[in-house]
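A.B. asks: What follows is protein_16.txt, compact mmCIF, N, CA and C atoms.
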```txt
# COMPACT_ATOMS: atom_id res chain seq x y z
N MET A 232 -62.33 34.15 -21.62
CA MET A 232 -61.22 35.06 -21.36
C MET A 232 -59.92 34.26 -21.23
N THR A 233 -58.87 34.71 -21.88
CA THR A 233 -57.57 34.06 -21.82
C THR A 233 -56.85 34.49 -20.55
N PRO A 234 -56.32 33.52 -19.77
CA PRO A 234 -55.56 33.90 -18.58
C PRO A 234 -54.33 34.72 -18.97
N ARG A 235 -53.97 35.68 -18.13
CA ARG A 235 -52.79 36.49 -18.41
C ARG A 235 -51.53 35.67 -18.13
N LEU A 236 -50.48 36.01 -18.86
CA LEU A 236 -49.21 35.29 -18.74
C LEU A 236 -48.31 36.02 -17.76
N SER A 237 -47.68 35.26 -16.90
CA SER A 237 -46.76 35.83 -15.92
C SER A 237 -45.52 34.96 -15.85
N LEU A 238 -44.37 35.57 -15.64
CA LEU A 238 -43.11 34.83 -15.49
C LEU A 238 -42.60 34.99 -14.07
N SER A 239 -42.22 33.89 -13.46
CA SER A 239 -41.63 33.96 -12.13
C SER A 239 -40.24 34.59 -12.23
N GLU A 240 -39.72 35.02 -11.09
CA GLU A 240 -38.35 35.56 -11.07
C GLU A 240 -37.36 34.51 -11.54
N ASP A 241 -37.59 33.27 -11.12
CA ASP A 241 -36.69 32.18 -11.53
C ASP A 241 -36.72 31.99 -13.05
N ALA A 242 -37.91 32.05 -13.64
CA ALA A 242 -38.02 31.88 -15.10
C ALA A 242 -37.30 33.01 -15.82
N ASN A 243 -37.47 34.24 -15.35
CA ASN A 243 -36.77 35.38 -15.96
C ASN A 243 -35.26 35.18 -15.87
N ALA A 244 -34.79 34.74 -14.70
CA ALA A 244 -33.35 34.51 -14.53
C ALA A 244 -32.87 33.37 -15.43
N ASP A 245 -33.67 32.30 -15.53
CA ASP A 245 -33.30 31.17 -16.39
C ASP A 245 -33.17 31.61 -17.84
N ILE A 246 -34.12 32.42 -18.30
CA ILE A 246 -34.11 32.89 -19.70
C ILE A 246 -32.88 33.76 -19.94
N ALA A 247 -32.58 34.65 -19.00
CA ALA A 247 -31.40 35.51 -19.14
C ALA A 247 -30.12 34.67 -19.17
N GLU A 248 -30.04 33.66 -18.30
CA GLU A 248 -28.85 32.80 -18.27
C GLU A 248 -28.73 31.99 -19.56
N GLY A 249 -29.85 31.48 -20.06
CA GLY A 249 -29.83 30.73 -21.31
C GLY A 249 -29.38 31.60 -22.48
N ALA A 250 -29.88 32.83 -22.52
CA ALA A 250 -29.49 33.76 -23.58
C ALA A 250 -28.00 34.10 -23.49
N ALA A 251 -27.52 34.31 -22.27
CA ALA A 251 -26.09 34.63 -22.08
C ALA A 251 -25.21 33.46 -22.53
N TRP A 252 -25.61 32.25 -22.17
CA TRP A 252 -24.83 31.07 -22.58
C TRP A 252 -24.82 30.94 -24.10
N CYS A 253 -25.98 31.12 -24.72
CA CYS A 253 -26.07 31.04 -26.19
C CYS A 253 -25.19 32.11 -26.84
N GLU A 254 -25.20 33.30 -26.28
CA GLU A 254 -24.40 34.40 -26.84
C GLU A 254 -22.90 34.09 -26.75
N GLU A 255 -22.50 33.40 -25.68
CA GLU A 255 -21.09 33.00 -25.54
C GLU A 255 -20.70 32.00 -26.62
N GLN A 256 -21.66 31.20 -27.07
CA GLN A 256 -21.36 30.20 -28.09
C GLN A 256 -21.18 30.82 -29.46
N ARG A 257 -22.05 31.81 -29.75
CA ARG A 257 -21.97 32.49 -31.04
C ARG A 257 -22.66 33.84 -30.93
N VAL A 258 -22.00 34.88 -31.42
CA VAL A 258 -22.59 36.23 -31.38
C VAL A 258 -23.92 36.21 -32.13
N GLY A 259 -24.96 36.73 -31.47
CA GLY A 259 -26.28 36.79 -32.07
C GLY A 259 -27.18 35.63 -31.68
N LEU A 260 -26.58 34.53 -31.19
CA LEU A 260 -27.38 33.37 -30.82
C LEU A 260 -28.25 33.64 -29.59
N GLY A 261 -27.75 34.48 -28.70
CA GLY A 261 -28.54 34.85 -27.51
C GLY A 261 -29.82 35.57 -27.90
N LEU A 262 -29.73 36.46 -28.89
CA LEU A 262 -30.92 37.16 -29.39
C LEU A 262 -31.88 36.17 -30.04
N GLU A 263 -31.35 35.23 -30.81
CA GLU A 263 -32.20 34.21 -31.44
C GLU A 263 -32.91 33.37 -30.38
N PHE A 264 -32.19 33.04 -29.31
CA PHE A 264 -32.79 32.29 -28.21
C PHE A 264 -33.94 33.09 -27.58
N THR A 265 -33.67 34.35 -27.29
CA THR A 265 -34.69 35.21 -26.68
C THR A 265 -35.92 35.33 -27.58
N GLN A 266 -35.71 35.48 -28.88
CA GLN A 266 -36.83 35.57 -29.82
C GLN A 266 -37.63 34.27 -29.85
N ALA A 267 -36.95 33.14 -29.81
CA ALA A 267 -37.63 31.84 -29.80
C ALA A 267 -38.45 31.67 -28.52
N VAL A 268 -37.90 32.12 -27.39
CA VAL A 268 -38.63 32.04 -26.12
C VAL A 268 -39.86 32.95 -26.17
N ARG A 269 -39.70 34.17 -26.69
CA ARG A 269 -40.84 35.09 -26.78
C ARG A 269 -41.95 34.52 -27.67
N ALA A 270 -41.58 33.92 -28.78
CA ALA A 270 -42.57 33.31 -29.66
C ALA A 270 -43.31 32.19 -28.93
N LEU A 271 -42.57 31.39 -28.18
CA LEU A 271 -43.19 30.30 -27.43
C LEU A 271 -44.10 30.84 -26.34
N LEU A 272 -43.68 31.90 -25.67
CA LEU A 272 -44.53 32.51 -24.63
C LEU A 272 -45.85 32.99 -25.23
N ALA A 273 -45.80 33.56 -26.43
CA ALA A 273 -47.03 34.01 -27.10
C ALA A 273 -47.94 32.82 -27.40
N THR A 274 -47.36 31.71 -27.81
CA THR A 274 -48.15 30.51 -28.09
C THR A 274 -48.75 29.96 -26.80
N ILE A 275 -47.98 29.94 -25.73
CA ILE A 275 -48.49 29.48 -24.43
C ILE A 275 -49.66 30.34 -24.00
N GLU A 276 -49.53 31.65 -24.18
CA GLU A 276 -50.60 32.56 -23.76
C GLU A 276 -51.87 32.32 -24.57
N ARG A 277 -51.71 32.06 -25.88
CA ARG A 277 -52.88 31.82 -26.75
C ARG A 277 -53.53 30.47 -26.52
N ASP A 278 -52.71 29.44 -26.35
CA ASP A 278 -53.23 28.07 -26.33
C ASP A 278 -52.44 27.19 -25.36
N PRO A 279 -52.57 27.42 -24.06
CA PRO A 279 -51.75 26.67 -23.09
C PRO A 279 -52.04 25.17 -23.06
N PHE A 280 -53.25 24.77 -23.41
CA PHE A 280 -53.60 23.35 -23.37
C PHE A 280 -52.95 22.56 -24.50
N ARG A 281 -52.32 23.25 -25.41
CA ARG A 281 -51.62 22.61 -26.52
C ARG A 281 -50.42 21.78 -26.03
N PHE A 282 -49.92 22.14 -24.87
CA PHE A 282 -48.69 21.54 -24.35
C PHE A 282 -48.99 20.46 -23.32
N PRO A 283 -48.21 19.38 -23.34
CA PRO A 283 -48.50 18.25 -22.45
C PRO A 283 -48.13 18.52 -20.99
N LEU A 284 -48.77 17.76 -20.14
CA LEU A 284 -48.41 17.79 -18.72
C LEU A 284 -47.07 17.09 -18.56
N ALA A 285 -46.18 17.73 -17.81
CA ALA A 285 -44.87 17.14 -17.53
C ALA A 285 -44.92 16.41 -16.18
N ARG A 286 -45.57 17.00 -15.24
CA ARG A 286 -45.66 16.45 -13.89
C ARG A 286 -46.85 17.09 -13.20
N GLN A 287 -47.80 16.31 -12.77
CA GLN A 287 -49.01 16.78 -12.10
C GLN A 287 -49.63 17.92 -12.91
N GLU A 288 -49.70 19.14 -12.38
CA GLU A 288 -50.34 20.24 -13.11
C GLU A 288 -49.36 21.05 -13.96
N VAL A 289 -48.09 20.72 -13.91
CA VAL A 289 -47.07 21.50 -14.62
C VAL A 289 -46.98 21.03 -16.08
N ARG A 290 -47.08 21.98 -16.99
CA ARG A 290 -46.98 21.69 -18.42
C ARG A 290 -45.60 22.07 -18.93
N ARG A 291 -45.19 21.43 -20.05
CA ARG A 291 -43.87 21.67 -20.62
C ARG A 291 -44.02 22.06 -22.09
N ALA A 292 -43.33 23.12 -22.47
CA ALA A 292 -43.29 23.58 -23.86
C ALA A 292 -41.84 23.68 -24.30
N LEU A 293 -41.50 23.01 -25.40
CA LEU A 293 -40.12 23.02 -25.90
C LEU A 293 -39.85 24.27 -26.73
N VAL A 294 -38.69 24.87 -26.50
CA VAL A 294 -38.27 26.06 -27.25
C VAL A 294 -37.72 25.59 -28.60
N ARG A 295 -38.32 26.08 -29.66
CA ARG A 295 -37.92 25.68 -31.02
C ARG A 295 -36.45 26.01 -31.28
N ARG A 296 -35.73 25.08 -31.89
CA ARG A 296 -34.32 25.20 -32.28
C ARG A 296 -33.33 25.12 -31.12
N PHE A 297 -33.82 25.15 -29.90
CA PHE A 297 -32.93 25.14 -28.74
C PHE A 297 -33.33 23.98 -27.83
N ARG A 298 -32.38 23.49 -27.09
CA ARG A 298 -32.66 22.36 -26.20
C ARG A 298 -33.08 22.87 -24.82
N TYR A 299 -34.12 23.70 -24.83
CA TYR A 299 -34.67 24.27 -23.60
C TYR A 299 -36.17 24.01 -23.57
N ALA A 300 -36.72 24.01 -22.37
CA ALA A 300 -38.16 23.85 -22.19
C ALA A 300 -38.65 24.87 -21.16
N LEU A 301 -39.86 25.38 -21.40
CA LEU A 301 -40.53 26.23 -20.43
C LEU A 301 -41.51 25.36 -19.65
N TYR A 302 -41.54 25.54 -18.34
CA TYR A 302 -42.46 24.82 -17.47
C TYR A 302 -43.43 25.83 -16.89
N PHE A 303 -44.74 25.52 -16.97
CA PHE A 303 -45.72 26.49 -16.50
C PHE A 303 -46.93 25.82 -15.85
N LEU A 304 -47.59 26.61 -15.01
CA LEU A 304 -48.81 26.23 -14.32
C LEU A 304 -49.93 27.15 -14.79
N MET A 305 -51.16 26.66 -14.74
CA MET A 305 -52.30 27.48 -15.12
C MET A 305 -53.35 27.46 -14.02
N ASP A 306 -54.02 28.59 -13.86
CA ASP A 306 -55.25 28.62 -13.09
C ASP A 306 -56.24 29.45 -13.91
N ALA A 307 -57.38 29.77 -13.36
CA ALA A 307 -58.42 30.46 -14.12
C ALA A 307 -57.99 31.84 -14.59
N GLU A 308 -57.12 32.49 -13.84
CA GLU A 308 -56.76 33.88 -14.14
C GLU A 308 -55.36 34.06 -14.71
N THR A 309 -54.45 33.15 -14.40
CA THR A 309 -53.04 33.37 -14.74
C THR A 309 -52.38 32.08 -15.23
N THR A 310 -51.53 32.23 -16.23
CA THR A 310 -50.62 31.17 -16.63
C THR A 310 -49.23 31.63 -16.18
N THR A 311 -48.61 30.89 -15.29
CA THR A 311 -47.33 31.29 -14.70
C THR A 311 -46.21 30.39 -15.18
N VAL A 312 -45.23 30.98 -15.85
CA VAL A 312 -44.04 30.24 -16.27
C VAL A 312 -43.12 30.15 -15.04
N LEU A 313 -42.80 28.92 -14.67
CA LEU A 313 -42.00 28.67 -13.47
C LEU A 313 -40.51 28.62 -13.75
N ALA A 314 -40.14 28.08 -14.92
CA ALA A 314 -38.72 27.86 -15.20
C ALA A 314 -38.50 27.71 -16.70
N CYS A 315 -37.26 27.99 -17.10
CA CYS A 315 -36.79 27.73 -18.46
C CYS A 315 -35.49 26.95 -18.28
N LEU A 316 -35.56 25.64 -18.57
CA LEU A 316 -34.43 24.77 -18.28
C LEU A 316 -33.94 24.06 -19.53
N HIS A 317 -32.63 23.84 -19.58
CA HIS A 317 -32.05 23.00 -20.62
C HIS A 317 -32.65 21.61 -20.47
N VAL A 318 -32.89 20.92 -21.56
CA VAL A 318 -33.58 19.62 -21.46
C VAL A 318 -32.82 18.62 -20.59
N CYS A 319 -31.50 18.71 -20.53
CA CYS A 319 -30.74 17.83 -19.64
C CYS A 319 -31.09 18.12 -18.18
N MET A 320 -31.20 19.40 -17.85
CA MET A 320 -31.57 19.79 -16.49
C MET A 320 -33.01 19.40 -16.21
N SER A 321 -33.89 19.58 -17.18
CA SER A 321 -35.28 19.26 -16.94
C SER A 321 -35.46 17.76 -16.76
N ALA A 322 -34.63 16.95 -17.42
CA ALA A 322 -34.68 15.50 -17.22
C ALA A 322 -34.27 15.17 -15.79
N CYS A 323 -33.23 15.84 -15.30
CA CYS A 323 -32.79 15.64 -13.91
C CYS A 323 -33.89 16.07 -12.94
N LEU A 324 -34.52 17.19 -13.24
CA LEU A 324 -35.60 17.70 -12.40
C LEU A 324 -36.73 16.69 -12.35
N HIS A 325 -37.07 16.12 -13.49
CA HIS A 325 -38.15 15.14 -13.55
C HIS A 325 -37.84 13.93 -12.69
N VAL A 326 -36.62 13.44 -12.76
CA VAL A 326 -36.20 12.29 -11.96
C VAL A 326 -36.27 12.64 -10.47
N CYS A 327 -35.80 13.83 -10.11
CA CYS A 327 -35.82 14.25 -8.71
C CYS A 327 -37.26 14.38 -8.20
N MET A 328 -38.13 14.98 -9.01
CA MET A 328 -39.53 15.14 -8.61
C MET A 328 -40.20 13.79 -8.46
N SER A 329 -39.88 12.84 -9.34
CA SER A 329 -40.44 11.49 -9.23
C SER A 329 -40.02 10.84 -7.91
N ALA A 330 -38.75 11.01 -7.56
CA ALA A 330 -38.25 10.44 -6.31
C ALA A 330 -38.94 11.06 -5.11
N VAL A 331 -39.13 12.38 -5.13
CA VAL A 331 -39.80 13.07 -4.03
C VAL A 331 -41.24 12.58 -3.91
N THR A 332 -41.93 12.45 -5.03
CA THR A 332 -43.31 11.99 -5.02
C THR A 332 -43.40 10.57 -4.46
N ARG A 333 -42.48 9.71 -4.87
CA ARG A 333 -42.48 8.33 -4.35
C ARG A 333 -42.24 8.32 -2.85
N ARG A 334 -41.31 9.14 -2.38
CA ARG A 334 -41.03 9.18 -0.94
C ARG A 334 -42.23 9.68 -0.15
N ARG A 335 -42.92 10.68 -0.69
CA ARG A 335 -44.10 11.21 0.02
C ARG A 335 -45.20 10.17 0.10
N GLY A 336 -45.23 9.27 -0.87
CA GLY A 336 -46.25 8.24 -0.89
C GLY A 336 -45.99 7.13 0.12
N ARG A 337 -44.75 7.01 0.56
CA ARG A 337 -44.38 5.97 1.52
C ARG A 337 -44.63 6.47 2.94
N ARG A 338 -45.03 5.57 3.78
CA ARG A 338 -45.23 5.94 5.17
C ARG A 338 -43.90 5.88 5.89
N ASP A 339 -43.66 6.85 6.70
CA ASP A 339 -42.45 6.89 7.51
C ASP A 339 -42.72 6.08 8.78
N PRO A 340 -41.99 4.97 9.00
CA PRO A 340 -42.25 4.14 10.18
C PRO A 340 -42.12 4.92 11.49
N SER A 341 -41.28 5.92 11.55
CA SER A 341 -41.10 6.68 12.79
C SER A 341 -42.32 7.53 13.11
N SER A 342 -43.18 7.81 12.13
CA SER A 342 -44.34 8.66 12.39
C SER A 342 -45.53 7.86 12.91
N THR A 343 -45.46 6.52 12.93
CA THR A 343 -46.59 5.70 13.36
C THR A 343 -46.56 5.41 14.86
N GLY A 344 -45.46 5.76 15.49
CA GLY A 344 -45.36 5.48 16.91
C GLY A 344 -44.73 4.11 17.18
N HIS A 345 -44.52 3.32 16.15
CA HIS A 345 -43.88 2.01 16.29
C HIS A 345 -42.38 2.15 16.20
N ARG A 346 -41.70 1.36 16.97
CA ARG A 346 -40.24 1.36 16.90
C ARG A 346 -39.81 0.05 16.28
N SER A 347 -38.76 0.15 15.51
CA SER A 347 -38.20 -1.09 14.97
C SER A 347 -37.38 -1.74 16.06
N SER A 348 -37.12 -3.01 15.94
CA SER A 348 -36.35 -3.74 16.96
C SER A 348 -34.92 -3.19 17.05
N ALA A 349 -34.43 -2.60 15.99
CA ALA A 349 -33.07 -2.07 16.00
C ALA A 349 -32.96 -0.83 16.85
N SER A 350 -34.07 -0.09 17.03
CA SER A 350 -33.98 1.16 17.78
C SER A 350 -34.30 1.00 19.25
N THR A 351 -34.66 -0.22 19.71
CA THR A 351 -34.99 -0.42 21.10
C THR A 351 -33.84 -0.91 21.93
```
Go through the file and emit its structure as structure tokens.
C.D. replies:
Amino acid sequence: MTPRLSLSEDANADIAEGAAWCEEQRVGLGLEFTQAVRALLATIERDPFRFPLARQEVRRALVRRFRYALYFLMDAETTTVLACLHVCMSACLHVCMSAVTRRRGRRDPSSTGHRSSAST
């Protein structure tokens, strides 16, 4: 059974914003963007494993002809699109997520009960 496809509120808003921006650039481009996103959503629904992991369990699918990517998670029942971001934004997001992951991996000296000599 194929998991059903679902879009988060953020993803819906991202797609609408992307379409509006494209339409401002050229009349009709917003519709072309929306059609490209819909085609990609259909592909994600049919074959989600086709797309590479971007970060941990989150997969990334590039929107054809546009510099946007869809980010999605899968479980046994649902494939959830989390965001539709311009590739420049998604690069920033990736860097930020990497930094957060690295920080979480480090131990916070204040949580061990030890004080540094500077704080005594």
A.B. asks: Considering only N, CA and C atoms, can you say which of A:Leu313, A:Ala267, A:Arg281, A:Glu248 comes closest to Arg296 (chain A)?
C.D. replies: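 Under the stated criterion, the closest residue is A:Ala267.
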A.B. asks: Between A:Thr233, A:Leu284, A:Phe297, A:Gly249, which is the closest to Gly261 (chain A) once you count all atoms listed in the file?
C.D. replies: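 Result for the nearest residue to Gly261 (chain A): A:Gly249.
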A.B. asks: Using only N, CA and C atoms, which protein or nucleic acid residues come within 7 Å of Arg290 (chain A)? Drop anything in the same chain fewer than 6 positions from it, and give the result as an mmCIF file with N, CA and C atoms, in the frame of the given file.
C.D. replies:
```cif
data_model
loop_
_atom_site.group_PDB
_atom_site.id
_atom_site.type_symbol
_atom_site.label_atom_id
_atom_site.label_comp_id
_atom_site.auth_asym_id
_atom_site.auth_seq_id
_atom_site.Cartn_x
_atom_site.Cartn_y
_atom_site.Cartn_z
ATOM 1 N N PHE A 282 -49.920 22.140 -24.870
ATOM 2 C CA PHE A 282 -48.690 21.540 -24.350
ATOM 3 C C PHE A 282 -48.990 20.460 -23.320
ATOM 4 N N PRO A 283 -48.210 19.380 -23.340
ATOM 5 C CA PRO A 283 -48.500 18.250 -22.450
ATOM 6 C C PRO A 283 -48.130 18.520 -20.990
ATOM 7 N N LEU A 284 -48.770 17.760 -20.140
ATOM 8 C CA LEU A 284 -48.410 17.790 -18.720
ATOM 9 C C LEU A 284 -47.070 17.090 -18.560
ATOM 10 N N LEU A 301 -39.860 25.380 -21.400
ATOM 11 C CA LEU A 301 -40.530 26.230 -20.430
ATOM 12 C C LEU A 301 -41.510 25.360 -19.650
ATOM 13 N N TYR A 302 -41.540 25.540 -18.340
ATOM 14 C CA TYR A 302 -42.460 24.820 -17.470
ATOM 15 C C TYR A 302 -43.430 25.830 -16.890
ATOM 16 N N PHE A 303 -44.740 25.520 -16.970
ATOM 17 C CA PHE A 303 -45.720 26.490 -16.500
ATOM 18 C C PHE A 303 -46.930 25.820 -15.850
ATOM 19 N N LEU A 304 -47.590 26.610 -15.010
ATOM 20 C CA LEU A 304 -48.810 26.230 -14.320
ATOM 21 C C LEU A 304 -49.930 27.150 -14.790
ATOM 22 N N MET A 305 -51.160 26.660 -14.740
ATOM 23 C CA MET A 305 -52.300 27.480 -15.120
ATOM 24 C C MET A 305 -53.350 27.460 -14.020
#
```
A.B. asks: Here is a test: counting only C-alpha atoms, which residue of A:Leu260, A:Leu238, A:Ala292, A:Ala247 is nearest to Thr309 (chain A)?
C.D. replies: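 The answer is A:Leu238, which sits nearest to Thr309 (chain A).
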A.B. asks: How far is it from atom C of Asp306 (chain A) to CA of Pro234 (chain A), in Å with one decimal?
C.D. replies: 6.5 Å
A.B. asks: Between atom N of Glu254 (chain A) and CA of Ala273 (chain A), what is the distance, to one decimal in Å?
C.D. replies: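 Going from atom N of Glu254 (chain A) over to CA of Ala273 (chain A) covers 21.9 Å.
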A.B. asks: Which neighbours of Arg291 (chain A) fall inside 12 Å, counting only C-alpha atoms, when residues of the same chain fewer than 2 positions from it are skipped, and could you give them as a PDB file with N, CA and C atoms, keeping the file's coordinate frame?
C.D. replies:
```pdb
ATOM      1  N   LEU A 271     -42.570  31.390 -28.180  1.00  0.00           N
ATOM      2  CA  LEU A 271     -43.190  30.300 -27.430  1.00  0.00           C
ATOM      3  C   LEU A 271     -44.100  30.840 -26.340  1.00  0.00           C
ATOM      4  N   LEU A 272     -43.680  31.900 -25.670  1.00  0.00           N
ATOM      5  CA  LEU A 272     -44.530  32.510 -24.630  1.00  0.00           C
ATOM      6  C   LEU A 272     -45.850  32.990 -25.230  1.00  0.00           C
ATOM      7  N   ILE A 275     -47.980  29.940 -25.730  1.00  0.00           N
ATOM      8  CA  ILE A 275     -48.490  29.480 -24.430  1.00  0.00           C
ATOM      9  C   ILE A 275     -49.660  30.340 -24.000  1.00  0.00           C
ATOM     10  N   PRO A 279     -52.570  27.420 -24.060  1.00  0.00           N
ATOM     11  CA  PRO A 279     -51.750  26.670 -23.090  1.00  0.00           C
ATOM     12  C   PRO A 279     -52.040  25.170 -23.060  1.00  0.00           C
ATOM     13  N   PHE A 280     -53.250  24.770 -23.410  1.00  0.00           N
ATOM     14  CA  PHE A 280     -53.600  23.350 -23.370  1.00  0.00           C
ATOM     15  C   PHE A 280     -52.950  22.560 -24.500  1.00  0.00           C
ATOM     16  N   ARG A 281     -52.320  23.250 -25.410  1.00  0.00           N
ATOM     17  CA  ARG A 281     -51.620  22.610 -26.520  1.00  0.00           C
ATOM     18  C   ARG A 281     -50.420  21.780 -26.030  1.00  0.00           C
ATOM     19  N   PHE A 282     -49.920  22.140 -24.870  1.00  0.00           N
ATOM     20  CA  PHE A 282     -48.690  21.540 -24.350  1.00  0.00           C
ATOM     21  C   PHE A 282     -48.990  20.460 -23.320  1.00  0.00           C
ATOM     22  N   PRO A 283     -48.210  19.380 -23.340  1.00  0.00           N
ATOM     23  CA  PRO A 283     -48.500  18.250 -22.450  1.00  0.00           C
ATOM     24  C   PRO A 283     -48.130  18.520 -20.990  1.00  0.00           C
ATOM     25  N   LEU A 284     -48.770  17.760 -20.140  1.00  0.00           N
ATOM     26  CA  LEU A 284     -48.410  17.790 -18.720  1.00  0.00           C
ATOM     27  C   LEU A 284     -47.070  17.090 -18.560  1.00  0.00           C
ATOM     28  N   ALA A 285     -46.180  17.730 -17.810  1.00  0.00           N
ATOM     29  CA  ALA A 285     -44.870  17.140 -17.530  1.00  0.00           C
ATOM     30  C   ALA A 285     -44.920  16.410 -16.180  1.00  0.00           C
ATOM     31  N   ARG A 286     -45.570  17.000 -15.240  1.00  0.00           N
ATOM     32  CA  ARG A 286     -45.660  16.450 -13.890  1.00  0.00           C
ATOM     33  C   ARG A 286     -46.850  17.090 -13.200  1.00  0.00           C
ATOM     34  N   GLN A 287     -47.800  16.310 -12.770  1.00  0.00           N
ATOM     35  CA  GLN A 287     -49.010  16.780 -12.100  1.00  0.00           C
ATOM     36  C   GLN A 287     -49.630  17.920 -12.910  1.00  0.00           C
ATOM     37  N   GLU A 288     -49.700  19.140 -12.380  1.00  0.00           N
ATOM     38  CA  GLU A 288     -50.340  20.240 -13.110  1.00  0.00           C
ATOM     39  C   GLU A 288     -49.360  21.050 -13.960  1.00  0.00           C
ATOM     40  N   VAL A 289     -48.090  20.720 -13.910  1.00  0.00           N
ATOM     41  CA  VAL A 289     -47.070  21.500 -14.620  1.00  0.00           C
ATOM     42  C   VAL A 289     -46.980  21.030 -16.080  1.00  0.00           C
ATOM     43  N   LEU A 293     -41.500  23.010 -25.400  1.00  0.00           N
ATOM     44  CA  LEU A 293     -40.120  23.020 -25.900  1.00  0.00           C
ATOM     45  C   LEU A 293     -39.850  24.270 -26.730  1.00  0.00           C
ATOM     46  N   VAL A 294     -38.690  24.870 -26.500  1.00  0.00           N
ATOM     47  CA  VAL A 294     -38.270  26.060 -27.250  1.00  0.00           C
ATOM     48  C   VAL A 294     -37.720  25.590 -28.600  1.00  0.00           C
ATOM     49  N   TYR A 299     -34.120  23.700 -24.830  1.00  0.00           N
ATOM     50  CA  TYR A 299     -34.670  24.270 -23.600  1.00  0.00           C
ATOM     51  C   TYR A 299     -36.170  24.010 -23.570  1.00  0.00           C
ATOM     52  N   ALA A 300     -36.720  24.010 -22.370  1.00  0.00           N
ATOM     53  CA  ALA A 300     -38.160  23.850 -22.190  1.00  0.00           C
ATOM     54  C   ALA A 300     -38.650  24.870 -21.160  1.00  0.00           C
ATOM     55  N   LEU A 301     -39.860  25.380 -21.400  1.00  0.00           N
ATOM     56  CA  LEU A 301     -40.530  26.230 -20.430  1.00  0.00           C
ATOM     57  C   LEU A 301     -41.510  25.360 -19.650  1.00  0.00           C
ATOM     58  N   TYR A 302     -41.540  25.540 -18.340  1.00  0.00           N
ATOM     59  CA  TYR A 302     -42.460  24.820 -17.470  1.00  0.00           C
ATOM     60  C   TYR A 302     -43.430  25.830 -16.890  1.00  0.00           C
ATOM     61  N   PHE A 303     -44.740  25.520 -16.970  1.00  0.00           N
ATOM     62  CA  PHE A 303     -45.720  26.490 -16.500  1.00  0.00           C
ATOM     63  C   PHE A 303     -46.930  25.820 -15.850  1.00  0.00           C
ATOM     64  N   LEU A 304     -47.590  26.610 -15.010  1.00  0.00           N
ATOM     65  CA  LEU A 304     -48.810  26.230 -14.320  1.00  0.00           C
ATOM     66  C   LEU A 304     -49.930  27.150 -14.790  1.00  0.00           C
ATOM     67  N   MET A 305     -51.160  26.660 -14.740  1.00  0.00           N
ATOM     68  CA  MET A 305     -52.300  27.480 -15.120  1.00  0.00           C
ATOM     69  C   MET A 305     -53.350  27.460 -14.020  1.00  0.00           C
ATOM     70  N   THR A 311     -48.610  30.890 -15.290  1.00  0.00           N
ATOM     71  CA  THR A 311     -47.330  31.290 -14.700  1.00  0.00           C
ATOM     72  C   THR A 311     -46.210  30.390 -15.180  1.00  0.00           C
ATOM     73  N   VAL A 312     -45.230  30.980 -15.850  1.00  0.00           N
ATOM     74  CA  VAL A 312     -44.040  30.240 -16.270  1.00  0.00           C
ATOM     75  C   VAL A 312     -43.120  30.150 -15.040  1.00  0.00           C
ATOM     76  N   LEU A 313     -42.800  28.920 -14.670  1.00  0.00           N
ATOM     77  CA  LEU A 313     -42.000  28.670 -13.470  1.00  0.00           C
ATOM     78  C   LEU A 313     -40.510  28.620 -13.750  1.00  0.00           C
ATOM     79  N   ALA A 314     -40.140  28.080 -14.920  1.00  0.00           N
ATOM     80  CA  ALA A 314     -38.720  27.860 -15.200  1.00  0.00           C
ATOM     81  C   ALA A 314     -38.500  27.710 -16.700  1.00  0.00           C
ATOM     82  N   CYS A 315     -37.260  27.990 -17.100  1.00  0.00           N
ATOM     83  CA  CYS A 315     -36.790  27.730 -18.460  1.00  0.00           C
ATOM     84  C   CYS A 315     -35.490  26.950 -18.280  1.00  0.00           C
ATOM     85  N   LEU A 316     -35.560  25.640 -18.570  1.00  0.00           N
ATOM     86  CA  LEU A 316     -34.430  24.770 -18.280  1.00  0.00           C
ATOM     87  C   LEU A 316     -33.940  24.060 -19.530  1.00  0.00           C
ATOM     88  N   HIS A 317     -32.630  23.840 -19.580  1.00  0.00           N
ATOM     89  CA  HIS A 317     -32.050  23.000 -20.620  1.00  0.00           C
ATOM     90  C   HIS A 317     -32.650  21.610 -20.470  1.00  0.00           C
ATOM     91  N   VAL A 318     -32.890  20.920 -21.560  1.00  0.00           N
ATOM     92  CA  VAL A 318     -33.580  19.620 -21.460  1.00  0.00           C
ATOM     93  C   VAL A 318     -32.820  18.620 -20.590  1.00  0.00           C
ATOM     94  N   SER A 321     -33.890  19.580 -17.180  1.00  0.00           N
ATOM     95  CA  SER A 321     -35.280  19.260 -16.940  1.00  0.00           C
ATOM     96  C   SER A 321     -35.460  17.760 -16.760  1.00  0.00           C
ATOM     97  N   ALA A 322     -34.630  16.950 -17.420  1.00  0.00           N
ATOM     98  CA  ALA A 322     -34.680  15.500 -17.220  1.00  0.00           C
ATOM     99  C   ALA A 322     -34.270  15.170 -15.790  1.00  0.00           C
ATOM    100  N   HIS A 325     -37.070  16.120 -13.490  1.00  0.00           N
ATOM    101  CA  HIS A 325     -38.150  15.140 -13.550  1.00  0.00           C
ATOM    102  C   HIS A 325     -37.840  13.930 -12.690  1.00  0.00           C
TER     103      HIS A 325
END
```
A.B. asks: How far is it from CA of Glu240 (chain A) to CA of Val258 (chain A), in Å with one decimal?
C.D. replies: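 Interatomic distance here is 25.7 Å.
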A.B. asks: Report the residues of region 254-305 of chain A whose backbone DSSP state falls under alpha helix (DSSP H), written as a list of chain:residue names.
C.D. replies: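 Taking region 254-305 of chain A and keeping alpha helix (DSSP H) only, one gets A:Glu254, A:Glu255, A:Gln256, A:Leu260, A:Gly261, A:Leu262, A:Glu263, A:Phe264, A:Thr265, A:Gln266, A:Ala267, A:Val268, A:Arg269, A:Ala270, A:Leu271, A:Leu272, A:Ala273, A:Thr274, A:Ile275, A:Glu276, A:Arg277.
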A.B. asks: Considering only C-alpha atoms, can you say which of A:Leu236, A:Ile246, A:Glu308, A:Ala251 comes closest to Thr274 (chain A)?
C.D. replies: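 For Thr274 (chain A), the nearest of the candidates is A:Leu236.
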